[in-house]
Amino acid sequence: MSLIKRFLPHILVVLGFVIVSLVYFNPVLSGKKMKQGDIVQYSGMARQQTDFRNQTGEEPYWADNAFGGMPTYQMGAQYPHNYVKKLDRLIRFLPRPADYLFLYFVGFYILLLVLKMDYRLAFLGSLAFGFSTYFIIILGVGHNAKAHAIGYMPLVLSGIILTFRKKYIWGFLLLAISMALEIAANHFQMTYYLFLLVLVLGISYLVDAYKKKEIPDYFKSLGVMVVAVLFSLMLNATSLLATKEYTQFSTRGNTGLTIQSNGKEKKSTGLDYEYITRYSYGILESFNLFIPRFMGGTSHENLGTDSNVYEELLRLGVSPAQAKSYTEYVPTYWGSQPFVGGPAYIGATILFLFVLALFLVKGRLKWWILGGSILALLLSWGKNFSFLTELFIDFFPLYNKFRAVSSIQVIVELCVPILGIMGVHKLLSKDVTNDSKIKALKYATGIVGGLALLFLLFKSTLFNFSGLGDGMILEQGGPDYLRAIKEDRKAMFTTDTLRSLLLVLLIAGGCWLYIKGKLKENLLLIGLGALITLDLVLVDWNYVNKKNFVSIREFNSPFIANKADKEIFKDKGHFRVFDLTTDPFNSGRAAYFHNALGGYHAAKPGRIQDLFDFYLAKNDVGIMNMMNVKYIISQNEDGVKALTNPYTNGNAWFISNIKQVNSANDEILALKEIDNKKEAVINSSINGMSFKTKYAVDSLAYITLTAHKPNHLVYESNSKEDGFAIFSEVYYPGWQASIDGNPVDHAQVNYTLRGLPIPAGKHQIEFKFEPQVVKTGSAITLTSSIIFVLLIIGGLYFQYKKTGSLLSLTKEGK
């Protein structure tokens, strides 16, 4: 009974999380699905591999329907012995996206329990963390991998803190498992930001260990953590090795180019500075952590009929129906980012508790949380705080591999609720005097409430409510229309600032009543829970609500075939399609129906992106011919049409001349000089094979694709002369070539394609995608899984022999 009594509160809390997750995303209970923009695009990219998997039961590891072909490593590939993924699916048992909200709650709850918080406080903190507006918004737009990685962050911190507290067995197990889950979430940018926070945490514990003369214990803990992380890496060996391999060939790697399409110099490694910092948080914009629509909310806010814009449109002669329609997408955002889907609102309530905690909480954890929050905030400013950003880009390993630096604010959104709940813990503690509590309360109220009051009184002096796109608004709508938008921006600012001020006063009043003994502890906690939840949920609903859900039928048909698509369906050959009705390199629509030359991916194949920048963006037909583009989908006043390209080179062809160059620059520039139907260019610096430069082409020679799967291509060739064939397929390691069943080497030609010398006579040529990286990774994963299970059994046995209980944890102060 004592065991049941001990765990019953936690069981009830977890059940509460299930209910709250399902209630917030209640359309899932009626079978509806959330329509997420990024997932719609992903479904186009992943359709071929999903269909192949369902039809054959095999995993292709290669997709032919996007970017001319690419590995599926970053598109949901399923690897052998991936037991971490099975555990992940077990944890996220709720329908999506309720599963991610549940993950937010549970992970943060465990972290607060590890930090010795009462389960009631842990429950409140979990609500504050899970309902943080940015975390909900990313679910609405489909950044599932990001949400996934964020959800496991608290568990990783829990394992680290347990280990630093000398609970080596439980710390090791929790860290190894949670870090394995974090890696499996496959959003390395979020994991990297977590690493930065852990670095600050490690420094905090190092300083504390030095003061307490516990340096040997500190390094012992580090050793345990290193072994745990090594296991987490080995348990994800296949995906990590595959990702490492693909990174070198993606836009995150180095294609060897040192020039851009405009002739300017290009960085040899990493992403371009402007690309990295395009989404930089404005310094002033950071106040929307405290006031939701401080800078206008989203790029297109719904103002409704009770707005200055609506009245101005009526005055201009627009009908009420049209005016109402226009007010649903008003550009109210006046910050410096190109586009925002909503504010990164943490909550006035939890932010107030965070400031309160700064005056009540002592010790290393406070400085770790505060230090991590400040570092993340400064880095989120990107080009608006260029000194620090450039320092990290130039000198901090891997920092230049990630874009959208503003997203590091997830660390702030993780840290603020932790310290805020620790502040409530101190407020309830009998070890802190009432005088100290009152003093801290006065400071917090003065700082947070005073800031809101300052904004209210001097808003017209401090801010002009002008945005980057106002010039276009002025040109299109005139000065009166722009004035109306600015007035609505100011009204939103005023309303939300008053809202935050009221919430601060309410929560401060509740704390004051508790300190004075006029409010019971449980009533205070209920009040805090209600205020925290309502504060965040009412903002969240503005951006993610029932309108985001659609029927299963609509969800399963993310794209509708148009007239051009249906015309192309009649052609049963093997070819590619270039869709110009959208941004071809930022849309998965064409990949959903056809083998597309374009696609949608955060890490596109690097050399294909280079081809786009240099040639395809200018609709270079010669490059389209080389890439076997038979149809171009275009749109004009007559509608959407499928234009047939009669000049395509086909699936494979013999050439007569090879031009050898010694750099990627020369290779890509040579493509505009050669006749790619008769000639090819080879970069000798990356191809170890030697070739003749001249070949006689038999007029009756042919090479034909006779069978094709995404991962297996079969050709038949016939020629009286030794020849050299070019294949309109992307070169990538893992593709194995053979002639009449005998393995042969093939080369990278024409910057992106495959080339192969073929002897005279009639032959069968095959290309099979058999990536060694998957075989090697799977062997490592299986071996490490067996060892890890044995370690778990041994660790639990040792714990039982030492304490007489598997649940016993030695107490240790903070």
# chains A, B, ... in the order shown; residues from 1 in each chain; ligands from 1
$ residues_around --residues "stretch 140-144 of chain A" --least-positions-apart "5" --cutoff "8 Å" --atoms "only C-alpha atoms" --output "PyMOL selection string"
chain A and resi 34-39+543-544+548
$ residues_around --residues "A:Pro646" --least-positions-apart "2" --cutoff "12 Å" --atoms "only C-alpha atoms" --output "list of chain:residue names"
A:Phe575, A:Val621, A:Gly622, A:Met624, A:Asn625, A:Asn628, A:Val629, A:Lys630, A:Tyr631, A:Ile632, A:Leu643, A:Thr644, A:Thr648, A:Asn649, A:Gly650
$ closest_atom_pairs --of "stretch 296-413 of chain A" --to "stretch 457-470 of chain A" --cutoff "10 Å" --atoms "only C-alpha atoms" --output "CSV"
residue,atom,partner,partner_atom,distance
A:Gly296,CA,A:Phe465,CA,8.7
A:Pro331,CA,A:Gly469,CA,8.3
A:Thr332,CA,A:Gly467,CA,8.3
A:Tyr333,CA,A:Gly467,CA,6.9
A:Trp334,CA,A:Gly467,CA,3.8
A:Gly335,CA,A:Gly467,CA,6.0
A:Ser336,CA,A:Leu468,CA,6.5
A:Gln337,CA,A:Leu468,CA,8.6
A:Pro338,CA,A:Leu468,CA,8.5
$ write_last_selection --atoms "all heavy atoms" --output "mmCIF file, in the first residue's frame"
data_model
loop_
_atom_site.group_PDB
_atom_site.id
_atom_site.type_symbol
_atom_site.label_atom_id
_atom_site.label_comp_id
_atom_site.auth_asym_id
_atom_site.auth_seq_id
_atom_site.Cartn_x
_atom_site.Cartn_y
_atom_site.Cartn_z
ATOM 1 N N GLY A 296 2.768 43.200 -32.748
ATOM 2 C CA GLY A 296 1.722 42.945 -33.728
ATOM 3 C C GLY A 296 1.326 41.505 -33.932
ATOM 4 O O GLY A 296 0.514 41.206 -34.805
ATOM 5 N N PRO A 331 -1.409 42.881 -42.128
ATOM 6 C CA PRO A 331 0.019 42.805 -41.765
ATOM 7 C C PRO A 331 0.331 43.654 -40.537
ATOM 8 O O PRO A 331 0.906 44.734 -40.628
ATOM 9 C CB PRO A 331 0.721 43.345 -43.018
ATOM 10 C CG PRO A 331 -0.272 44.264 -43.642
ATOM 11 C CD PRO A 331 -1.626 43.665 -43.357
ATOM 12 N N THR A 332 -0.047 43.135 -39.377
ATOM 13 C CA THR A 332 0.122 43.902 -38.136
ATOM 14 C C THR A 332 1.524 43.796 -37.550
ATOM 15 O O THR A 332 1.927 44.634 -36.751
ATOM 16 C CB THR A 332 -0.886 43.420 -37.079
ATOM 17 O OG1 THR A 332 -0.747 42.005 -36.921
ATOM 18 C CG2 THR A 332 -2.317 43.752 -37.492
ATOM 19 N N TYR A 333 2.279 42.769 -37.924
ATOM 20 C CA TYR A 333 3.629 42.585 -37.377
ATOM 21 C C TYR A 333 4.536 43.720 -37.835
ATOM 22 O O TYR A 333 4.610 44.032 -39.025
ATOM 23 C CB TYR A 333 4.187 41.236 -37.830
ATOM 24 C CG TYR A 333 5.623 40.999 -37.447
ATOM 25 C CD1 TYR A 333 5.991 40.779 -36.126
ATOM 26 C CD2 TYR A 333 6.632 40.992 -38.413
ATOM 27 C CE1 TYR A 333 7.311 40.547 -35.773
ATOM 28 C CE2 TYR A 333 7.958 40.763 -38.069
ATOM 29 C CZ TYR A 333 8.290 40.549 -36.742
ATOM 30 O OH TYR A 333 9.605 40.338 -36.404
ATOM 31 N N TRP A 334 5.225 44.347 -36.887
ATOM 32 C CA TRP A 334 6.117 45.454 -37.249
ATOM 33 C C TRP A 334 7.544 45.246 -36.743
ATOM 34 O O TRP A 334 8.307 46.192 -36.558
ATOM 35 C CB TRP A 334 5.562 46.796 -36.756
ATOM 36 C CG TRP A 334 5.113 46.853 -35.318
ATOM 37 C CD1 TRP A 334 3.977 46.347 -34.784
ATOM 38 C CD2 TRP A 334 5.808 47.491 -34.237
ATOM 39 N NE1 TRP A 334 3.899 46.608 -33.433
ATOM 40 C CE2 TRP A 334 5.006 47.325 -33.068
ATOM 41 C CE3 TRP A 334 6.999 48.191 -34.123
ATOM 42 C CZ2 TRP A 334 5.377 47.817 -31.819
ATOM 43 C CZ3 TRP A 334 7.367 48.691 -32.878
ATOM 44 C CH2 TRP A 334 6.558 48.508 -31.746
ATOM 45 N N GLY A 335 7.908 43.965 -36.595
ATOM 46 C CA GLY A 335 9.272 43.631 -36.220
ATOM 47 C C GLY A 335 10.179 43.527 -37.435
ATOM 48 O O GLY A 335 9.791 43.855 -38.560
ATOM 49 N N SER A 336 11.383 43.008 -37.230
ATOM 50 C CA SER A 336 12.404 43.001 -38.289
ATOM 51 C C SER A 336 12.559 41.655 -38.990
ATOM 52 O O SER A 336 13.360 41.527 -39.911
ATOM 53 C CB SER A 336 13.761 43.410 -37.692
ATOM 54 O OG SER A 336 14.131 42.519 -36.652
ATOM 55 N N GLN A 337 11.804 40.634 -38.588
ATOM 56 C CA GLN A 337 11.933 39.332 -39.226
ATOM 57 C C GLN A 337 11.091 39.282 -40.506
ATOM 58 O O GLN A 337 10.067 39.957 -40.605
ATOM 59 C CB GLN A 337 11.493 38.224 -38.271
ATOM 60 C CG GLN A 337 12.365 38.114 -37.026
ATOM 61 C CD GLN A 337 12.011 36.912 -36.185
ATOM 62 O OE1 GLN A 337 12.442 35.804 -36.457
ATOM 63 N NE2 GLN A 337 11.232 37.135 -35.129
ATOM 64 N N PRO A 338 11.497 38.464 -41.483
ATOM 65 C CA PRO A 338 10.756 38.397 -42.746
ATOM 66 C C PRO A 338 9.319 37.911 -42.569
ATOM 67 O O PRO A 338 8.410 38.366 -43.253
ATOM 68 C CB PRO A 338 11.559 37.401 -43.586
ATOM 69 C CG PRO A 338 12.907 37.369 -42.973
ATOM 70 C CD PRO A 338 12.713 37.636 -41.523
#
$ residues_around --residues "A:Ser286" --least-positions-apart "3" --cutoff "9 Å" --atoms "only C-alpha atoms" --output "tab-separated table (two decimals) with C-alpha atoms, in the first residue's frame"
chain	number	residue	atom	x	y	z
A	281	TYR	CA	15.00	38.33	-33.24
A	282	GLY	CA	14.75	42.07	-32.77
A	283	ILE	CA	16.18	43.31	-29.46
A	289	LEU	CA	8.03	37.07	-24.26
A	290	PHE	CA	6.11	39.20	-21.73
A	294	PHE	CA	4.03	43.56	-28.42
A	344	ALA	CA	7.22	33.51	-28.65
A	377	LEU	CA	18.48	35.57	-25.69
A	381	TRP	CA	19.22	38.52	-31.74
$ closest_atom_pairs --of "stretch 167-240 of chain A" --to "stretch 585-606 of chain A" --cutoff "12 Å" --atoms "only C-alpha atoms" --output "tab-separated table"
residue	atom	partner	partner_atom	distance
A:His187	CA	A:Ala602	CA	10.8
A:Phe188	CA	A:Ala602	CA	12.0
A:Gln189	CA	A:Ala602	CA	11.6
$ closest_atom_pairs --of "stretch 725-780 of chain A" --to "stretch 232-253 of chain A" --cutoff "7 Å" --atoms "only C-alpha atoms" --output "JSON lines"
{"residue": "A:Val773", "atom": "CA", "partner": "A:Ala242", "partner_atom": "CA", "distance": 5.9}
{"residue": "A:Val774", "atom": "CA", "partner": "A:Thr238", "partner_atom": "CA", "distance": 5.6}
{"residue": "A:Gly777", "atom": "CA", "partner": "A:Thr238", "partner_atom": "CA", "distance": 3.7}
{"residue": "A:Ser778", "atom": "CA", "partner": "A:Thr238", "partner_atom": "CA", "distance": 5.6}
{"residue": "A:Ile780", "atom": "CA", "partner": "A:Met234", "partner_atom": "CA", "distance": 6.3}
$ write_last_selection --atoms "N, CA, C and O atoms" --output "compact mmCIF listing (two decimals), in the first residue's frame"
# COMPACT_ATOMS: atom_id res chain seq x y z
N VAL A 773 26.66 2.35 -45.08
CA VAL A 773 26.46 3.07 -43.83
C VAL A 773 25.31 2.46 -43.02
O VAL A 773 25.35 2.43 -41.78
N VAL A 774 24.29 1.93 -43.71
CA VAL A 774 23.16 1.30 -43.01
C VAL A 774 23.58 -0.04 -42.42
O VAL A 774 23.23 -0.38 -41.28
N GLY A 777 25.99 0.77 -39.42
CA GLY A 777 25.23 1.36 -38.32
C GLY A 777 24.33 0.36 -37.62
O GLY A 777 24.22 0.35 -36.39
N SER A 778 23.68 -0.50 -38.39
CA SER A 778 22.78 -1.50 -37.80
C SER A 778 23.54 -2.48 -36.92
O SER A 778 23.04 -2.89 -35.86
N ILE A 780 26.32 -1.86 -35.27
CA ILE A 780 26.69 -1.13 -34.05
C ILE A 780 25.48 -0.98 -33.13
O ILE A 780 25.57 -1.17 -31.91
$ closest_residue --among "A:Ser319, A:Asn186, A:Thr494, A:Ser132" --to "A:Gly342" --atoms "only C-alpha atoms"
A:Ser132
$ residues_around --residues "A:Ile150" --least-positions-apart "3" --cutoff "8 Å" --atoms "only C-alpha atoms" --output "list in words"
Tyr104, Lys146, Ala147, Met153, Pro154, Met190 and Val410 of chain A
$ write_last_selection --atoms "N, CA, C and O atoms" --output "mmCIF file, in the first residue's frame"
data_model
loop_
_atom_site.group_PDB
_atom_site.id
_atom_site.type_symbol
_atom_site.label_atom_id
_atom_site.label_comp_id
_atom_site.auth_asym_id
_atom_site.auth_seq_id
_atom_site.Cartn_x
_atom_site.Cartn_y
_atom_site.Cartn_z
ATOM 1 N N TYR A 104 5.811 17.190 -23.883
ATOM 2 C CA TYR A 104 6.234 18.422 -23.199
ATOM 3 C C TYR A 104 5.968 18.306 -21.702
ATOM 4 O O TYR A 104 6.836 18.587 -20.865
ATOM 5 N N LYS A 146 11.203 19.476 -34.491
ATOM 6 C CA LYS A 146 11.630 20.480 -33.511
ATOM 7 C C LYS A 146 10.889 20.273 -32.197
ATOM 8 O O LYS A 146 11.507 20.269 -31.116
ATOM 9 N N ALA A 147 9.567 20.101 -32.266
ATOM 10 C CA ALA A 147 8.774 19.857 -31.059
ATOM 11 C C ALA A 147 9.231 18.581 -30.361
ATOM 12 O O ALA A 147 9.315 18.512 -29.130
ATOM 13 N N MET A 153 14.213 17.474 -24.140
ATOM 14 C CA MET A 153 15.239 18.284 -23.478
ATOM 15 C C MET A 153 15.203 18.180 -21.952
ATOM 16 O O MET A 153 16.251 17.978 -21.314
ATOM 17 N N PRO A 154 14.031 18.329 -21.318
ATOM 18 C CA PRO A 154 14.003 18.249 -19.849
ATOM 19 C C PRO A 154 14.492 16.910 -19.307
ATOM 20 O O PRO A 154 15.123 16.859 -18.245
ATOM 21 N N MET A 190 18.108 21.834 -32.501
ATOM 22 C CA MET A 190 17.591 21.912 -31.132
ATOM 23 C C MET A 190 18.525 21.196 -30.161
ATOM 24 O O MET A 190 18.777 21.674 -29.048
ATOM 25 N N VAL A 410 14.098 28.862 -27.665
ATOM 26 C CA VAL A 410 13.492 27.709 -26.982
ATOM 27 C C VAL A 410 14.194 27.448 -25.653
ATOM 28 O O VAL A 410 13.577 26.918 -24.718
#
$ residues_around --residues "stretch 24-29 of chain A" --least-positions-apart "6" --cutoff "9 Å" --atoms "only C-alpha atoms" --output "number ranges by chain"
A: 95-98, 537, 545-546, 549-550
$ select_by_dssp --residues "stretch 454-538 of chain A" --states "helix (DSSP H, G or I)" --output "CSV table (one decimal) with C-alpha atoms, in the first residue's frame"
chain,number,residue,atom,x,y,z
A,454,LEU,CA,6.1,52.3,-18.6
A,455,PHE,CA,5.1,50.9,-21.9
A,456,LEU,CA,1.5,52.0,-21.4
A,457,LEU,CA,2.3,55.6,-20.4
A,458,PHE,CA,5.0,56.3,-23.0
A,459,LYS,CA,4.1,54.0,-25.9
A,460,SER,CA,3.7,56.8,-28.4
A,461,THR,CA,7.0,58.3,-27.4
A,462,LEU,CA,8.9,55.0,-27.4
A,470,ASP,CA,5.0,49.6,-44.7
A,471,GLY,CA,6.4,51.1,-47.8
A,472,MET,CA,4.5,48.6,-49.9
A,473,ILE,CA,1.4,49.1,-47.8
A,474,LEU,CA,1.6,52.8,-48.4
A,475,GLU,CA,2.1,52.3,-52.2
A,476,GLN,CA,-0.9,49.9,-52.4
A,477,GLY,CA,-3.3,51.3,-49.9
A,479,PRO,CA,-1.5,56.9,-46.3
A,480,ASP,CA,-4.9,56.6,-44.6
A,481,TYR,CA,-4.9,52.8,-44.9
A,482,LEU,CA,-1.3,52.7,-43.4
A,483,ARG,CA,-2.4,55.0,-40.6
A,484,ALA,CA,-5.3,52.7,-39.8
A,485,ILE,CA,-3.0,49.7,-39.6
A,486,LYS,CA,-0.6,51.6,-37.3
A,487,GLU,CA,-3.6,52.6,-35.0
A,488,ASP,CA,-4.6,48.9,-34.8
A,489,ARG,CA,-1.0,48.0,-34.0
A,490,LYS,CA,-1.1,50.5,-31.2
A,491,ALA,CA,-4.5,49.2,-30.0
A,492,MET,CA,-3.2,45.6,-29.9
A,493,PHE,CA,-0.1,46.8,-28.0
A,494,THR,CA,-2.2,48.6,-25.5
A,495,THR,CA,-4.7,45.8,-24.9
A,496,ASP,CA,-2.0,43.1,-24.5
A,497,THR,CA,0.1,45.4,-22.2
A,498,LEU,CA,-2.9,46.0,-20.0
A,499,ARG,CA,-3.6,42.3,-20.0
A,500,SER,CA,0.0,41.5,-18.9
A,501,LEU,CA,-0.1,44.2,-16.2
A,502,LEU,CA,-3.4,42.8,-14.8
A,503,LEU,CA,-2.0,39.3,-14.7
A,504,VAL,CA,1.1,40.5,-12.8
A,505,LEU,CA,-1.0,42.4,-10.3
A,506,LEU,CA,-3.3,39.3,-9.8
A,507,ILE,CA,-0.5,36.9,-9.3
A,508,ALA,CA,1.4,39.4,-7.0
A,509,GLY,CA,-1.8,39.9,-5.0
A,510,GLY,CA,-2.2,36.2,-4.5
A,511,CYS,CA,1.4,35.8,-3.3
A,512,TRP,CA,1.0,38.7,-0.9
A,513,LEU,CA,-2.2,37.3,0.5
A,514,TYR,CA,-0.4,34.0,1.0
A,515,ILE,CA,2.5,35.6,2.8
A,521,GLU,CA,-1.4,27.1,0.2
A,522,ASN,CA,-3.6,24.9,-1.9
A,523,LEU,CA,-5.8,27.9,-2.9
A,524,LEU,CA,-2.7,29.8,-3.9
A,525,LEU,CA,-1.5,26.9,-6.1
A,526,ILE,CA,-5.0,26.4,-7.6
A,527,GLY,CA,-5.0,30.2,-8.4
A,528,LEU,CA,-1.5,30.1,-9.9
A,529,GLY,CA,-2.4,27.1,-12.0
A,530,ALA,CA,-5.5,28.7,-13.3
A,531,LEU,CA,-3.8,32.0,-14.1
A,532,ILE,CA,-0.8,30.3,-15.8
A,533,THR,CA,-3.0,28.1,-17.9
A,534,LEU,CA,-5.5,30.7,-18.9
A,535,ASP,CA,-2.7,33.2,-19.6
A,536,LEU,CA,-1.1,30.9,-22.1
A,537,VAL,CA,-4.0,29.0,-23.6
A,538,LEU,CA,-6.0,32.1,-24.4
$ residues_around --residues "A:Ile276" --least-positions-apart "4" --cutoff "10 Å" --atoms "only C-alpha atoms" --output "JSON, numbers by chain"
{"A": [270, 271, 272, 280, 382, 383, 389, 393, 399, 400, 401, 402, 403, 404, 405, 406]}
$ write_last_selection --atoms "all heavy atoms" --output "compact mmCIF listing (two decimals), in the first residue's frame"
# COMPACT_ATOMS: atom_id res chain seq x y z
N GLY A 270 29.87 25.53 -44.27
CA GLY A 270 28.80 26.14 -43.50
C GLY A 270 27.86 26.96 -44.36
O GLY A 270 28.00 27.07 -45.57
N LEU A 271 26.86 27.54 -43.70
CA LEU A 271 25.87 28.35 -44.37
C LEU A 271 26.33 29.80 -44.43
O LEU A 271 27.15 30.25 -43.66
CB LEU A 271 24.53 28.25 -43.64
CG LEU A 271 23.94 26.83 -43.53
CD1 LEU A 271 22.69 26.85 -42.66
CD2 LEU A 271 23.62 26.27 -44.91
N ASP A 272 25.76 30.52 -45.37
CA ASP A 272 26.07 31.93 -45.54
C ASP A 272 25.55 32.74 -44.35
O ASP A 272 24.50 32.45 -43.80
CB ASP A 272 25.42 32.42 -46.84
CG ASP A 272 25.68 33.88 -47.09
OD1 ASP A 272 26.80 34.22 -47.49
OD2 ASP A 272 24.76 34.68 -46.87
N SER A 280 16.46 36.83 -37.42
CA SER A 280 17.09 37.31 -36.19
C SER A 280 16.05 38.04 -35.36
O SER A 280 15.34 38.91 -35.88
CB SER A 280 18.26 38.26 -36.51
OG SER A 280 19.29 37.59 -37.19
N GLY A 382 20.85 37.48 -33.25
CA GLY A 382 21.53 37.30 -34.53
C GLY A 382 22.26 38.53 -35.01
O GLY A 382 23.14 39.07 -34.34
N LYS A 383 21.88 39.00 -36.19
CA LYS A 383 22.57 40.16 -36.79
C LYS A 383 22.30 41.45 -36.03
O LYS A 383 23.00 42.44 -36.25
CB LYS A 383 22.17 40.32 -38.25
CG LYS A 383 20.69 40.53 -38.50
CD LYS A 383 20.38 40.51 -39.97
CE LYS A 383 18.90 40.60 -40.25
NZ LYS A 383 18.58 40.46 -41.68
N THR A 389 27.19 36.99 -32.41
CA THR A 389 26.79 36.04 -33.46
C THR A 389 27.97 35.68 -34.35
O THR A 389 28.21 34.50 -34.65
CB THR A 389 25.66 36.65 -34.30
OG1 THR A 389 24.54 36.92 -33.45
CG2 THR A 389 25.23 35.70 -35.40
N ILE A 393 29.70 32.06 -34.99
CA ILE A 393 29.76 31.51 -36.34
C ILE A 393 31.20 31.18 -36.73
O ILE A 393 31.47 30.13 -37.33
CB ILE A 393 29.14 32.51 -37.35
CG1 ILE A 393 27.61 32.55 -37.17
CG2 ILE A 393 29.48 32.12 -38.78
CD1 ILE A 393 26.93 33.61 -38.02
N TYR A 399 28.30 25.81 -35.25
CA TYR A 399 27.26 26.84 -35.13
C TYR A 399 26.84 27.36 -36.50
O TYR A 399 25.69 27.75 -36.69
CB TYR A 399 27.76 27.99 -34.25
CG TYR A 399 26.67 28.94 -33.82
CD1 TYR A 399 25.83 28.63 -32.75
CD2 TYR A 399 26.48 30.16 -34.48
CE1 TYR A 399 24.83 29.50 -32.36
CE2 TYR A 399 25.48 31.03 -34.08
CZ TYR A 399 24.65 30.70 -33.02
OH TYR A 399 23.65 31.57 -32.64
N ASN A 400 27.75 27.35 -37.46
CA ASN A 400 27.44 27.87 -38.79
C ASN A 400 26.67 26.88 -39.66
O ASN A 400 26.44 27.13 -40.84
CB ASN A 400 28.73 28.31 -39.51
CG ASN A 400 29.67 27.14 -39.79
OD1 ASN A 400 29.44 26.02 -39.34
ND2 ASN A 400 30.75 27.41 -40.50
N LYS A 401 26.27 25.75 -39.08
CA LYS A 401 25.50 24.75 -39.83
C LYS A 401 23.99 24.99 -39.71
O LYS A 401 23.20 24.32 -40.38
CB LYS A 401 25.81 23.33 -39.33
CG LYS A 401 27.28 22.93 -39.43
CD LYS A 401 27.76 22.83 -40.85
CE LYS A 401 29.20 22.34 -40.91
NZ LYS A 401 29.72 22.28 -42.29
N PHE A 402 23.59 25.94 -38.86
CA PHE A 402 22.17 26.10 -38.56
C PHE A 402 21.68 27.49 -38.93
O PHE A 402 22.37 28.49 -38.72
CB PHE A 402 21.91 25.84 -37.08
CG PHE A 402 22.43 24.52 -36.60
CD1 PHE A 402 23.47 24.45 -35.69
CD2 PHE A 402 21.89 23.34 -37.08
CE1 PHE A 402 23.97 23.23 -35.25
CE2 PHE A 402 22.38 22.11 -36.64
CZ PHE A 402 23.41 22.06 -35.72
N ARG A 403 20.45 27.55 -39.43
CA ARG A 403 19.84 28.83 -39.77
C ARG A 403 18.80 29.21 -38.73
O ARG A 403 18.60 28.50 -37.76
CB ARG A 403 19.19 28.75 -41.16
CG ARG A 403 17.99 27.80 -41.24
CD ARG A 403 17.49 27.66 -42.65
NE ARG A 403 16.26 26.86 -42.70
CZ ARG A 403 15.05 27.38 -42.74
NH1 ARG A 403 14.89 28.69 -42.74
NH2 ARG A 403 13.98 26.61 -42.78
N ALA A 404 18.13 30.35 -38.96
CA ALA A 404 17.05 30.82 -38.08
C ALA A 404 17.53 30.87 -36.62
O ALA A 404 17.03 30.15 -35.75
CB ALA A 404 15.82 29.94 -38.21
N VAL A 405 18.48 31.76 -36.37
CA VAL A 405 19.07 31.83 -35.03
C VAL A 405 18.04 32.22 -33.97
O VAL A 405 18.24 31.96 -32.78
CB VAL A 405 20.24 32.84 -35.01
CG1 VAL A 405 21.40 32.34 -35.84
CG2 VAL A 405 19.79 34.22 -35.50
N SER A 406 16.93 32.82 -34.37
CA SER A 406 15.91 33.21 -33.40
C SER A 406 15.34 32.02 -32.65
O SER A 406 14.86 32.16 -31.52
CB SER A 406 14.76 33.96 -34.09
OG SER A 406 14.15 33.14 -35.07
